[in-house]
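protein05.csv (CSV, C-alpha atoms) appears below.
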chain,number,residue,atom,x,y,z
A,1,MET,CA,48.7,-8.5,-25.9
A,2,THR,CA,46.2,-5.7,-25.4
A,3,SER,CA,42.8,-6.2,-23.9
A,4,PHE,CA,39.9,-4.5,-25.7
A,5,ILE,CA,37.6,-5.0,-22.8
A,6,PRO,CA,38.3,-2.6,-20.0
A,7,LEU,CA,39.0,-4.3,-16.7
A,8,VAL,CA,36.1,-3.9,-14.5
A,9,SER,CA,35.3,-5.5,-11.1
A,10,ALA,CA,32.0,-7.2,-10.3
A,11,GLY,CA,31.2,-4.3,-7.9
A,12,GLU,CA,31.5,-1.8,-10.8
A,13,VAL,CA,29.2,-3.9,-13.0
A,14,ALA,CA,26.7,-4.2,-10.2
A,15,PHE,CA,26.8,-0.5,-9.6
A,16,TRP,CA,26.4,0.5,-13.3
A,17,VAL,CA,23.5,-1.9,-13.7
A,18,CYS,CA,21.7,-1.2,-10.5
A,19,GLY,CA,22.3,2.5,-10.1
A,20,PRO,CA,20.4,3.6,-13.2
A,21,ILE,CA,17.7,1.0,-12.5
A,22,ALA,CA,17.2,2.4,-9.0
A,23,ILE,CA,16.9,6.0,-10.3
A,24,LEU,CA,14.5,5.1,-13.1
A,25,LEU,CA,12.3,3.2,-10.8
A,26,ALA,CA,12.3,6.0,-8.2
A,27,VAL,CA,11.2,8.4,-10.9
A,28,GLY,CA,8.5,5.9,-11.9
A,29,MET,CA,7.4,5.8,-8.3
A,30,VAL,CA,6.8,9.5,-8.3
A,31,LEU,CA,5.1,9.5,-11.7
A,32,MET,CA,2.8,6.4,-11.4
A,33,ARG,CA,-0.9,7.3,-10.9
A,34,LYS,CA,-1.9,4.2,-9.0
A,35,PRO,CA,-0.4,3.4,-5.5
A,36,VAL,CA,0.0,-0.3,-6.4
A,37,HIS,CA,2.3,0.6,-9.3
A,38,SER,CA,4.3,3.0,-7.1
A,39,ALA,CA,4.7,0.2,-4.5
A,40,ILE,CA,6.0,-2.2,-7.2
A,41,CYS,CA,8.5,0.5,-8.4
A,42,ILE,CA,9.8,1.1,-4.9
A,43,ALA,CA,10.2,-2.6,-4.4
A,44,GLY,CA,12.5,-2.6,-7.4
A,45,VAL,CA,14.4,0.4,-6.0
A,46,MET,CA,15.0,-1.5,-2.7
A,47,LEU,CA,16.2,-4.6,-4.5
A,48,ALA,CA,18.7,-2.5,-6.5
A,49,LEU,CA,19.9,-0.8,-3.3
A,50,ALA,CA,20.3,-4.3,-1.8
A,51,VAL,CA,22.6,-5.3,-4.7
A,52,MET,CA,24.6,-2.1,-4.2
A,53,TYR,CA,25.0,-3.0,-0.5
A,54,ALA,CA,26.3,-6.4,-1.5
A,55,ALA,CA,28.8,-4.7,-3.9
A,56,GLN,CA,30.1,-2.6,-1.0
A,57,ASP,CA,31.1,-5.4,1.3
A,58,ALA,CA,27.8,-5.4,3.4
A,59,PRO,CA,26.4,-8.9,3.0
A,60,PHE,CA,24.4,-8.7,6.2
A,61,LEU,CA,22.7,-5.5,5.2
A,62,PHE,CA,22.1,-7.0,1.7
A,63,VAL,CA,20.0,-9.8,3.3
A,64,ILE,CA,18.3,-7.5,5.8
A,65,GLN,CA,17.4,-5.0,3.1
A,66,ILE,CA,15.6,-7.8,1.2
A,67,ILE,CA,14.0,-9.4,4.2
A,68,VAL,CA,12.9,-6.3,6.1
A,69,TYR,CA,12.3,-3.7,3.3
A,70,THR,CA,11.2,-5.7,0.3
A,71,GLY,CA,9.7,-8.5,2.3
A,72,ALA,CA,8.0,-6.9,5.3
A,73,ILE,CA,7.6,-3.2,4.8
A,74,LEU,CA,6.6,-3.4,1.1
A,75,MET,CA,4.0,-6.1,1.9
A,76,LEU,CA,2.7,-3.8,4.7
A,77,PHE,CA,2.4,-1.0,2.1
A,78,LEU,CA,0.6,-3.4,-0.3
A,79,PHE,CA,-1.8,-4.5,2.4
A,80,VAL,CA,-2.7,-0.9,3.2
A,81,VAL,CA,-3.1,-0.1,-0.5
A,82,MET,CA,-5.6,-2.9,-0.7
A,83,LEU,CA,-7.4,-1.8,2.4
A,84,VAL,CA,-7.6,1.9,1.5
A,85,GLY,CA,-8.7,1.2,-2.1
A,86,VAL,CA,-6.6,0.0,-5.0
A,87,ASP,CA,-8.3,2.2,-7.6
A,88,THR,CA,-8.0,5.5,-5.8
A,89,SER,CA,-5.7,7.4,-8.2
A,90,ASP,CA,-4.6,10.9,-7.5
A,91,SER,CA,-6.5,13.8,-8.9
A,92,VAL,CA,-4.5,15.8,-11.4
A,93,VAL,CA,-5.9,19.1,-10.2
A,94,GLU,CA,-3.3,21.3,-8.5
A,95,THR,CA,-4.6,22.5,-5.1
A,96,LEU,CA,-2.0,25.2,-4.9
A,97,LYS,CA,-1.2,27.2,-8.0
A,98,GLY,CA,2.2,26.6,-9.4
A,99,HIS,CA,2.9,24.1,-6.7
A,100,ARG,CA,4.3,21.5,-9.0
A,101,VAL,CA,6.6,23.7,-10.9
A,102,ALA,CA,7.9,25.3,-7.7
A,103,SER,CA,8.6,21.9,-6.0
A,104,PHE,CA,10.3,20.6,-9.2
A,105,LEU,CA,12.6,23.6,-9.3
A,106,ALA,CA,13.3,23.3,-5.6
A,107,VAL,CA,14.2,19.7,-6.0
A,108,ILE,CA,16.4,20.3,-9.0
A,109,GLY,CA,18.3,22.9,-6.8
A,110,LEU,CA,18.5,20.4,-3.9
A,111,ALA,CA,19.8,17.7,-6.2
A,112,VAL,CA,22.5,20.0,-7.7
A,113,LEU,CA,23.5,21.1,-4.3
A,114,LEU,CA,23.8,17.6,-2.9
A,115,VAL,CA,25.6,16.2,-5.9
A,116,MET,CA,28.1,19.1,-5.9
A,117,ALA,CA,28.7,18.9,-2.2
A,118,VAL,CA,28.7,15.1,-1.8
A,119,GLY,CA,30.5,14.3,-5.1
A,120,GLN,CA,33.8,15.8,-4.0
A,121,VAL,CA,34.1,14.8,-0.3
A,122,PHE,CA,36.5,12.0,-0.8
A,123,GLU,CA,39.9,11.9,-2.3
A,124,GLY,CA,41.5,8.6,-3.2
A,125,GLU,CA,40.3,5.1,-3.2
A,126,PRO,CA,38.1,3.8,-0.3
A,127,ALA,CA,39.9,2.0,2.5
A,128,GLY,CA,37.8,-1.1,2.1
A,129,LEU,CA,36.3,-3.2,4.8
A,130,ALA,CA,38.7,-6.2,4.6
A,131,ALA,CA,40.7,-5.1,7.7
A,132,ALA,CA,37.6,-4.2,9.7
A,133,ASN,CA,35.9,-7.5,8.9
A,134,GLU,CA,39.1,-9.5,9.7
A,135,GLU,CA,39.2,-8.2,13.2
A,136,PHE,CA,36.4,-10.4,14.5
A,137,GLY,CA,36.3,-13.0,11.8
A,138,GLY,CA,33.7,-11.7,9.4
A,139,ASN,CA,31.2,-8.9,8.6
A,140,LEU,CA,28.4,-10.3,10.7
A,141,GLU,CA,30.7,-10.9,13.7
A,142,GLY,CA,32.1,-7.4,13.3
A,143,LEU,CA,28.7,-5.8,13.3
A,144,ALA,CA,27.6,-7.9,16.3
A,145,ALA,CA,30.7,-6.9,18.2
A,146,LEU,CA,29.9,-3.2,17.6
A,147,LEU,CA,26.2,-3.6,18.3
A,148,PHE,CA,26.7,-5.2,21.7
A,149,SER,CA,29.6,-3.0,22.9
A,150,ARG,CA,29.6,0.5,21.7
A,151,TYR,CA,26.0,0.7,20.5
A,152,VAL,CA,24.4,-1.4,23.2
A,153,PHE,CA,22.3,1.4,24.7
A,154,ALA,CA,21.0,2.4,21.3
A,155,PHE,CA,20.2,-1.3,20.7
A,156,GLU,CA,18.2,-1.4,23.9
A,157,ALA,CA,16.4,1.8,23.0
A,158,THR,CA,15.3,0.2,19.7
A,159,ALA,CA,13.7,-2.6,21.7
A,160,ALA,CA,11.6,0.0,23.5
A,161,LEU,CA,10.9,1.7,20.1
A,162,LEU,CA,9.6,-1.6,18.5
A,163,ILE,CA,7.3,-2.3,21.5
A,164,THR,CA,5.9,1.2,21.4
A,165,ALA,CA,5.3,0.9,17.6
A,166,ALA,CA,3.5,-2.4,18.0
A,167,VAL,CA,1.2,-1.0,20.8
A,168,GLY,CA,0.7,2.2,18.8
A,169,ALA,CA,-0.4,0.3,15.7
A,170,MET,CA,-2.8,-1.8,17.8
A,171,VAL,CA,-4.3,1.3,19.4
A,172,LEU,CA,-4.6,3.2,16.1
A,173,ALA,CA,-6.0,0.4,14.0
A,174,HIS,CA,-8.4,-0.8,16.6
A,175,GLY,CA,-12.0,0.2,15.8
A,176,GLU,CA,-14.1,1.0,18.9
A,177,ARG,CA,-17.5,-0.6,19.2
A,178,LEU,CA,-20.0,2.2,19.5
A,179,LYS,CA,-23.0,0.3,20.9
A,180,ALA,CA,-23.1,-2.9,23.0
A,181,LYS,CA,-23.7,-6.0,20.9
A,182,LYS,CA,-27.3,-7.3,21.0
A,183,SER,CA,-27.8,-10.7,22.4
A,184,GLN,CA,-30.3,-13.2,20.8
A,185,VAL,CA,-32.7,-12.7,23.7
A,186,VAL,CA,-32.8,-8.9,23.2
A,187,GLN,CA,-33.3,-9.4,19.4
A,188,ALA,CA,-36.3,-11.8,20.0
A,189,GLN,CA,-37.8,-9.3,22.5
A,190,GLU,CA,-37.4,-6.4,20.0
A,191,ARG,CA,-39.1,-8.5,17.3
A,192,MET,CA,-42.1,-9.3,19.6
A,193,GLU,CA,-42.4,-5.7,20.7
A,194,ALA,CA,-42.4,-4.5,17.1
A,195,TYR,CA,-45.1,-7.1,16.4
A,196,ALA,CA,-47.2,-5.8,19.3
A,197,ALA,CA,-46.7,-2.1,18.5
A,198,GLU,CA,-46.8,-2.1,14.6
A,199,GLY,CA,-48.0,-5.5,13.7
A,200,LYS,CA,-44.7,-6.3,12.0
A,201,HIS,CA,-44.3,-9.9,11.1
A,202,PRO,CA,-41.9,-11.5,13.6
A,203,GLY,CA,-41.0,-14.6,11.5
A,204,VAL,CA,-38.6,-15.0,8.6
A,205,LEU,CA,-39.0,-13.0,5.4
A,206,PRO,CA,-40.5,-14.6,2.3
A,207,ASN,CA,-38.3,-16.1,-0.3
A,208,SER,CA,-37.5,-14.5,-3.6
A,209,GLY,CA,-39.8,-15.5,-6.5
A,210,VAL,CA,-39.5,-18.8,-8.4
A,211,TYR,CA,-40.8,-18.6,-12.0
A,212,ALA,CA,-40.9,-21.1,-14.8
A,213,ARG,CA,-38.2,-19.3,-16.7
A,214,PHE,CA,-36.5,-17.4,-13.9
A,215,ASN,CA,-35.2,-18.2,-10.5
A,216,ALA,CA,-32.8,-15.6,-9.0
A,217,ILE,CA,-32.5,-13.5,-5.9
A,218,HIS,CA,-33.5,-10.3,-7.6
A,219,ALA,CA,-36.9,-11.6,-8.8
A,220,PRO,CA,-39.6,-10.6,-6.3
A,221,ALA,CA,-42.2,-13.1,-5.1
A,222,LEU,CA,-45.9,-12.5,-5.9
A,223,LEU,CA,-48.7,-12.4,-3.3
A,224,PRO,CA,-51.9,-14.4,-3.9
A,225,ASP,CA,-53.6,-11.4,-5.4
A,226,GLY,CA,-50.8,-11.0,-8.0
A,227,SER,CA,-49.1,-8.0,-6.4
A,228,VAL,CA,-45.4,-7.9,-5.6
A,229,ALA,CA,-44.2,-8.9,-2.1
A,230,GLU,CA,-41.8,-6.1,-1.2
A,231,ALA,CA,-40.1,-8.0,1.6
A,232,SER,CA,-39.1,-10.9,-0.7
A,233,VAL,CA,-36.1,-9.0,-2.2
A,234,SER,CA,-33.2,-7.3,-0.4
A,235,GLU,CA,-33.6,-3.5,0.3
A,236,THR,CA,-30.2,-2.9,-1.2
A,237,LEU,CA,-31.3,-4.4,-4.6
A,238,THR,CA,-34.5,-2.3,-4.5
A,239,ALA,CA,-32.6,0.9,-3.8
A,240,ARG,CA,-30.2,0.1,-6.8
A,241,GLY,CA,-33.2,-0.6,-9.0
A,242,ALA,CA,-31.8,-4.0,-9.8
A,243,ILE,CA,-35.1,-5.8,-9.5
A,244,VAL,CA,-36.6,-7.8,-12.3
A,245,ALA,CA,-39.9,-6.4,-13.5
A,246,VAL,CA,-42.6,-8.9,-12.8
A,247,ASP,CA,-44.6,-7.9,-15.9
A,248,GLN,CA,-41.7,-9.0,-18.1
A,249,LEU,CA,-41.8,-12.4,-16.5
A,250,ARG,CA,-45.5,-12.6,-16.9
A,251,THR,CA,-45.5,-11.9,-20.7
A,252,PRO,CA,-44.1,-15.2,-21.9
A,253,ALA,CA,-46.5,-17.1,-19.6
A,254,ASP,CA,-49.4,-15.1,-20.9
A,255,ARG,CA,-48.4,-15.7,-24.5
A,256,ALA,CA,-48.1,-19.4,-23.9
A,257,PHE,CA,-51.5,-19.5,-22.3
A,258,LYS,CA,-53.1,-17.6,-25.2
A,259,ALA,CA,-51.5,-20.0,-27.7
A,260,ILE,CA,-52.8,-23.0,-25.8
A,261,GLU,CA,-56.3,-21.5,-25.7
A,262,ARG,CA,-56.2,-20.7,-29.5
A,263,VAL,CA,-55.2,-24.3,-30.3
A,264,HIS,CA,-57.8,-25.5,-27.9
A,265,SER,CA,-60.6,-23.5,-29.4
A,266,ASP,CA,-59.5,-24.5,-33.0
A,267,ALA,CA,-59.6,-28.1,-32.0
A,268,GLU,CA,-63.1,-27.6,-30.5
A,269,GLY,CA,-64.2,-25.8,-33.7
A,270,GLU,CA,-63.0,-28.7,-35.9
A,271,SER,CA,-64.7,-31.4,-33.8
A,272,GLU,CA,-68.1,-29.7,-34.0
B,1,MET,CA,35.8,1.7,-7.5
B,2,SER,CA,35.7,5.0,-5.8
B,3,SER,CA,32.8,6.2,-3.5
B,4,GLU,CA,31.6,9.2,-5.4
B,5,PRO,CA,29.2,7.5,-7.9
B,6,TYR,CA,27.5,5.8,-5.0
B,7,LEU,CA,27.1,9.1,-3.2
B,8,VAL,CA,25.8,10.8,-6.4
B,9,VAL,CA,23.1,8.0,-6.8
B,10,SER,CA,22.2,8.4,-3.1
B,11,ALA,CA,21.8,12.2,-3.6
B,12,ILE,CA,19.7,11.8,-6.7
B,13,LEU,CA,17.5,9.2,-4.9
B,14,PHE,CA,17.1,11.6,-2.0
B,15,ALA,CA,16.1,14.4,-4.3
B,16,ILE,CA,13.5,12.2,-6.0
B,17,GLY,CA,12.1,11.2,-2.6
B,18,VAL,CA,11.7,14.9,-1.7
B,19,LEU,CA,10.0,15.5,-5.1
B,20,GLY,CA,7.6,12.7,-4.5
B,21,PHE,CA,6.8,13.9,-1.0
B,22,LEU,CA,6.1,17.5,-2.2
B,23,VAL,CA,4.1,16.6,-5.4
B,24,ARG,CA,2.0,13.6,-4.6
B,25,ARG,CA,-1.3,14.0,-2.7
B,26,ASN,CA,-1.9,10.4,-1.9
B,27,ALA,CA,-0.7,9.8,1.7
B,28,ILE,CA,0.6,6.3,0.9
B,29,ILE,CA,2.8,7.5,-1.9
B,30,ALA,CA,4.0,10.4,0.1
B,31,PHE,CA,5.0,7.9,2.8
B,32,MET,CA,6.8,5.7,0.2
B,33,SER,CA,8.8,8.8,-0.8
B,34,VAL,CA,9.9,9.2,2.9
B,35,GLU,CA,11.0,5.5,2.7
B,36,LEU,CA,12.9,6.3,-0.4
B,37,MET,CA,14.7,9.2,1.4
B,38,LEU,CA,15.6,6.9,4.3
B,39,ASN,CA,16.9,4.3,1.9
B,40,SER,CA,19.1,6.7,0.0
B,41,VAL,CA,20.7,7.9,3.3
B,42,ASN,CA,21.3,4.2,4.1
B,43,LEU,CA,23.2,3.8,0.8
B,44,SER,CA,25.4,6.8,1.7
B,45,LEU,CA,26.1,5.4,5.2
B,46,VAL,CA,27.2,2.1,3.7
B,47,THR,CA,29.4,4.0,1.3
B,48,PHE,CA,31.0,6.0,4.1
B,49,ALA,CA,31.6,2.7,6.0
B,50,ARG,CA,33.6,1.3,3.1
B,51,GLN,CA,35.4,4.6,2.5
B,52,HIS,CA,36.6,4.9,6.0
B,53,GLY,CA,37.2,1.2,6.5
B,54,ASN,CA,35.2,0.7,9.7
B,55,LEU,CA,31.8,-0.8,10.4
B,56,ASP,CA,30.1,2.0,12.2
B,57,GLY,CA,28.3,3.2,9.1
B,58,GLN,CA,26.8,-0.3,8.6
B,59,VAL,CA,25.6,-0.3,12.2
B,60,GLY,CA,24.0,3.1,11.5
B,61,THR,CA,22.2,1.6,8.5
B,62,PHE,CA,20.9,-1.2,10.7
B,63,PHE,CA,19.5,1.3,13.2
B,64,VAL,CA,17.9,3.3,10.4
B,65,MET,CA,16.2,0.2,9.2
B,66,VAL,CA,14.8,-0.6,12.7
B,67,VAL,CA,13.5,2.9,13.0
B,68,ALA,CA,12.0,2.8,9.5
B,69,ALA,CA,10.2,-0.4,10.3
B,70,ALA,CA,8.6,1.1,13.5
B,71,GLU,CA,7.8,4.3,11.6
B,72,VAL,CA,6.1,2.4,8.8
B,73,VAL,CA,3.9,0.5,11.2
B,74,VAL,CA,2.7,3.6,13.1
B,75,GLY,CA,2.4,5.7,9.9
B,76,LEU,CA,0.3,3.1,8.0
B,77,ALA,CA,-1.9,2.7,11.1
B,78,ILE,CA,-2.5,6.4,11.1
B,79,ILE,CA,-3.3,6.4,7.4
B,80,VAL,CA,-5.8,3.5,7.9
B,81,ALA,CA,-7.4,5.4,10.9
B,82,VAL,CA,-7.7,8.6,8.8
B,83,TYR,CA,-9.1,6.7,5.9
B,84,ARG,CA,-11.7,5.1,8.2
B,85,ALA,CA,-12.7,8.5,9.6
B,86,ARG,CA,-12.7,10.5,6.4
B,87,ARG,CA,-13.0,7.9,3.6
B,88,SER,CA,-10.0,9.4,1.8
B,89,ALA,CA,-6.3,8.8,1.7
B,90,SER,CA,-5.5,12.2,0.3
B,91,VAL,CA,-3.4,14.6,2.4
B,92,ASP,CA,-5.6,17.5,1.2
B,93,ASP,CA,-8.7,16.1,2.9
B,94,ALA,CA,-7.1,15.8,6.3
B,95,ASN,CA,-7.3,19.5,7.1
B,96,LEU,CA,-9.0,19.7,10.5
B,97,LEU,CA,-6.0,21.1,12.2
B,98,LYS,CA,-5.5,23.8,9.6
B,99,PHE,CA,-6.0,27.5,10.8
Can you turn what I pasted into structure tokens?
Amino acid sequence: MTSFIPLVSAGEVAFWVCGPIAILLAVGMVLMRKPVHSAICIAGVMLALAVMYAAQDAPFLFVIQIIVYTGAILMLFLFVVMLVGVDTSDSVVETLKGHRVASFLAVIGLAVLLVMAVGQVFEGEPAGLAAANEEFGGNLEGLAALLFSRYVFAFEATAALLITAAVGAMVLAHGERLKAKKSQVVQAQERMEAYAAEGKHPGVLPNSGVYARFNAIHAPALLPDGSVAEASVSETLTARGAIVAVDQLRTPADRAFKAIERVHSDAEGESE
Amino acid sequence: MSSEPYLVVSAILFAIGVLGFLVRRNAIIAFMSVELMLNSVNLSLVTFARQHGNLDGQVGTFFVMVVAAAEVVVGLAIIVAVYRARRSASVDDANLLKF
């Protein structure tokens, strides 16, 4: 009996599914205009790499790749993308002439060099990790045995590295306060001094205007003489020109008053 | 299966990482490209470990991941600090040390 389906192992299936996905998503990461899309692409690359670790007898690294890279590092990237501005896409203008073509050619050269060099290093099938894992009773135990014997000083050094990184991030991300914070006492004193010097009103600012057909924060209040109270709307709204024109609000009221007067005078004319 | 296909994928991913780092002007995406390069080297380390039948390559990958985590924390803090000072995440705008 001949089998029409070639015999493939699960590892080969995982590789031929995840390898192309990883390369396509990596290309997508470079080509996407928005940083968020790039971050999503590289999350996919890291998941595909995790599956390839699992296919190569590295179950511990498979889990660590998903937890540390996809879980922690990518989320950190997304936080910073949100902080720095989601909709900042790259400008398409080349700052150096021919820079893109030159880098593309250089990278093609590098890729050919690496593939040529690296694609022929090994002859024969890989030794496999079964024996190495058996020695201490499993992959995780084997890694731990190496980590705490041969690589123990490197392990200690990473502890120092992580502490330094945490302190460095705190120092870099910390915004220094340029002026001392004003207390309430100081603020009250400043208000009264401004009142004494310039006659500036020390109390609360007036509310925004309330009209029969309109009641919103960008409608200015009116003073008793009918002029607009400048202080009743936010300065930001004034600067943006987002303020409702009071005359527009007056028109329907005026029209209604005129109509009432006309009806009133008609009624008086009829009664005479 | 043999190790060469894994190494070829790793080499291609590394080359794409270099391309992204050279071409993109957004600091965050350039940084992601660096991460891609680190990851591709991790893949080749895991492949070497399986080829030679010992776990040293996997320990190396573990250390690369630790260093990458620390590097990302500091690098992103630098990007945030530069953005706060210059209101831009483009690597072209941070040119005070030029000349």
I'd like the contact shell of segment 234-245 of chain A - 12 Å cut-off, all atoms listed in the file, skipping same-chain residues fewer than 2 positions apart - returned as a short mmCIF file (atom, residue, chain, number, x, y, z; two decimals) with C-alpha atoms, in the frame of the given file.
data_model
loop_
_atom_site.label_atom_id
_atom_site.label_comp_id
_atom_site.auth_asym_id
_atom_site.auth_seq_id
_atom_site.Cartn_x
_atom_site.Cartn_y
_atom_site.Cartn_z
CA LEU A 205 -39.00 -13.00 5.40
CA PRO A 206 -40.50 -14.60 2.30
CA ASN A 207 -38.30 -16.10 -0.30
CA SER A 208 -37.50 -14.50 -3.60
CA GLY A 209 -39.80 -15.50 -6.50
CA TYR A 211 -40.80 -18.60 -12.00
CA PHE A 214 -36.50 -17.40 -13.90
CA ASN A 215 -35.20 -18.20 -10.50
CA ALA A 216 -32.80 -15.60 -9.00
CA ILE A 217 -32.50 -13.50 -5.90
CA HIS A 218 -33.50 -10.30 -7.60
CA ALA A 219 -36.90 -11.60 -8.80
CA PRO A 220 -39.60 -10.60 -6.30
CA ALA A 221 -42.20 -13.10 -5.10
CA LEU A 222 -45.90 -12.50 -5.90
CA SER A 227 -49.10 -8.00 -6.40
CA VAL A 228 -45.40 -7.90 -5.60
CA ALA A 229 -44.20 -8.90 -2.10
CA GLU A 230 -41.80 -6.10 -1.20
CA ALA A 231 -40.10 -8.00 1.60
CA SER A 232 -39.10 -10.90 -0.70
CA ASP A 247 -44.60 -7.90 -15.90
CA GLN A 248 -41.70 -9.00 -18.10
CA LEU A 249 -41.80 -12.40 -16.50
CA ARG A 250 -45.50 -12.60 -16.90
CA THR A 251 -45.50 -11.90 -20.70
#
List as a PDB file with C-alpha atoms, in the frame of the given file the protein and nucleic acid residues near Met170 of chain A, meaning an atom at most 12 Å away when only C-alpha atoms are counted, but skip any in the same chain fewer than 6 places from it.
ATOM      1  CA  ILE A 163       7.300  -2.300  21.500  1.00  0.00           C
ATOM      2  CA  THR A 164       5.900   1.200  21.400  1.00  0.00           C
ATOM      3  CA  GLU A 176     -14.100   1.000  18.900  1.00  0.00           C
TER       4      GLU A 176
ATOM      5  CA  VAL B  73       3.900   0.500  11.200  1.00  0.00           C
ATOM      6  CA  VAL B  74       2.700   3.600  13.100  1.00  0.00           C
ATOM      7  CA  LEU B  76       0.300   3.100   8.000  1.00  0.00           C
ATOM      8  CA  ALA B  77      -1.900   2.700  11.100  1.00  0.00           C
ATOM      9  CA  ILE B  78      -2.500   6.400  11.100  1.00  0.00           C
ATOM     10  CA  VAL B  80      -5.800   3.500   7.900  1.00  0.00           C
ATOM     11  CA  ALA B  81      -7.400   5.400  10.900  1.00  0.00           C
TER      12      ALA B  81
END
Return as a PyMOL selection string the residues belonging to chain A that are within 6 Å of chain B, counting all atoms listed in the file.
chain A and resi 30+107+111+114-115+119+125-129+132+162+165+169+172-173
Using C-alpha atoms, can you export the residues from the last selection as a short mmCIF file (atom, residue, chain, number, x, y, z; two decimals), in the coordinates of the input?
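Once everything was written out, this is part37.cif:
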data_model
loop_
_atom_site.label_atom_id
_atom_site.label_comp_id
_atom_site.auth_asym_id
_atom_site.auth_seq_id
_atom_site.Cartn_x
_atom_site.Cartn_y
_atom_site.Cartn_z
CA VAL A 30 6.80 9.50 -8.30
CA VAL A 107 14.20 19.70 -6.00
CA ALA A 111 19.80 17.70 -6.20
CA LEU A 114 23.80 17.60 -2.90
CA VAL A 115 25.60 16.20 -5.90
CA GLY A 119 30.50 14.30 -5.10
CA GLU A 125 40.30 5.10 -3.20
CA PRO A 126 38.10 3.80 -0.30
CA ALA A 127 39.90 2.00 2.50
CA GLY A 128 37.80 -1.10 2.10
CA LEU A 129 36.30 -3.20 4.80
CA ALA A 132 37.60 -4.20 9.70
CA LEU A 162 9.60 -1.60 18.50
CA ALA A 165 5.30 0.90 17.60
CA ALA A 169 -0.40 0.30 15.70
CA LEU A 172 -4.60 3.20 16.10
CA ALA A 173 -6.00 0.40 14.00
#
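Atom pair atom CA of Glu134 of chain A / atom CA of Asp57 of chain A has a distance of 12.3 Å (rounded to one decimal).
Atom to atom, atom CA of Phe77 of chain A and atom CA of Gly44 of chain A stand 14.0 Å apart.
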Atomic distance atom CA of Ala253 of chain A - atom CA of Arg213 of chain A, expressed in Å with one decimal
9.1 Å
Using all atoms listed in the file, pick whichever of A:Ala26, A:Ala259, A:Ala180, A:Ala14 has the shortest atom-to-atom distance to Ala54 of chain A.
A:Ala14
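The shortest atom-to-atom distance to Val68 of chain A, with all atoms listed in the file taken into account, belongs to A:Met46 out of A:Ala144, A:Met46, A:Glu190, A:Ser149.
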